[in-house]
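**Student:** The structure is given below, and queries will be raised subsequently.
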Amino acid sequence: MSPRVKANTERVTTFLSVQHLEALKEEAEQKGTNVSALIRMIVLEHLAEK
């Protein structure tokens with residue numbers, strides 16, 4: 001079996017205030033996902049609008 005090519009492998013680090021992180025955690029929980037996936041979704045939606 002040949003190795004699968006990984007997509008989305010670039011890592012980005014950012015810093016958020018406690019209040020913003022808590023808001024993202026709550027929204028992610030409501031959507032049934034995690035903060036990382038939520039941030040990725042928000043960024044991709046933003047870029048698609050351009």
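Chain lettering (A, B, ...) mirrors the order of the structure tokens, residue numbering begins at 1 for each chain separately, and ligand numbering begins at 1 in order of display.
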Chain A: which residues are alpha helix (DSSP H) by DSSP, as a list in words?
**Tutor:**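 In chain A, DSSP puts these residues in alpha helix (DSSP H): Val18, Gln19, His20, Leu21, Glu22, Ala23, Leu24, Lys25, Glu26, Glu27, Ala28, Glu29, Gln30, Lys31, Val35, Ser36, Ala37, Leu38, Ile39, Arg40, Met41, Ile42, Val43, Leu44, Glu45, His46, Leu47 and Ala48 of chain A.
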**Student:** Would you list the contacts of range 34-45 of chain A as a VMD selection string, taking every protein, DNA or RNA residue within 9 Å and counting only C-alpha atoms, but skipping same-chain residues closer than 6 positions in sequence?
**Tutor:** chain A and resid 21 24 to 28
**Student:** Selected residues, N, CA and C atoms, written as a CSV table (one decimal), in the first residue's frame, please.
**Tutor:**
chain,number,residue,atom,x,y,z
A,21,LEU,N,-11.0,32.8,23.4
A,21,LEU,CA,-10.8,31.4,23.4
A,21,LEU,C,-12.0,30.7,24.0
A,24,LEU,N,-14.8,30.8,21.5
A,24,LEU,CA,-14.6,29.8,20.4
A,24,LEU,C,-14.9,28.4,21.0
A,25,LYS,N,-14.5,28.1,22.2
A,25,LYS,CA,-14.8,26.8,22.7
A,25,LYS,C,-16.3,26.5,22.8
A,26,GLU,N,-17.0,27.5,23.3
A,26,GLU,CA,-18.5,27.4,23.4
A,26,GLU,C,-19.1,27.2,22.0
A,27,GLU,N,-18.7,28.0,21.0
A,27,GLU,CA,-19.2,27.8,19.7
A,27,GLU,C,-18.9,26.5,19.1
A,28,ALA,N,-17.6,26.0,19.3
A,28,ALA,CA,-17.2,24.7,18.8
A,28,ALA,C,-18.0,23.6,19.4
**Student:** CA of His46 in chain A and CA of Arg4 in chain A are how many Å apart?
**Tutor:**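 Spanning CA of His46 in chain A to CA of Arg4 in chain A is a straight-line distance of 28.6 Å.
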**Student:** Which value, in Å to one decimal, gives the distance between CA of Gln30 in chain A and CA of Val18 in chain A?
**Tutor:** 18.4 Å
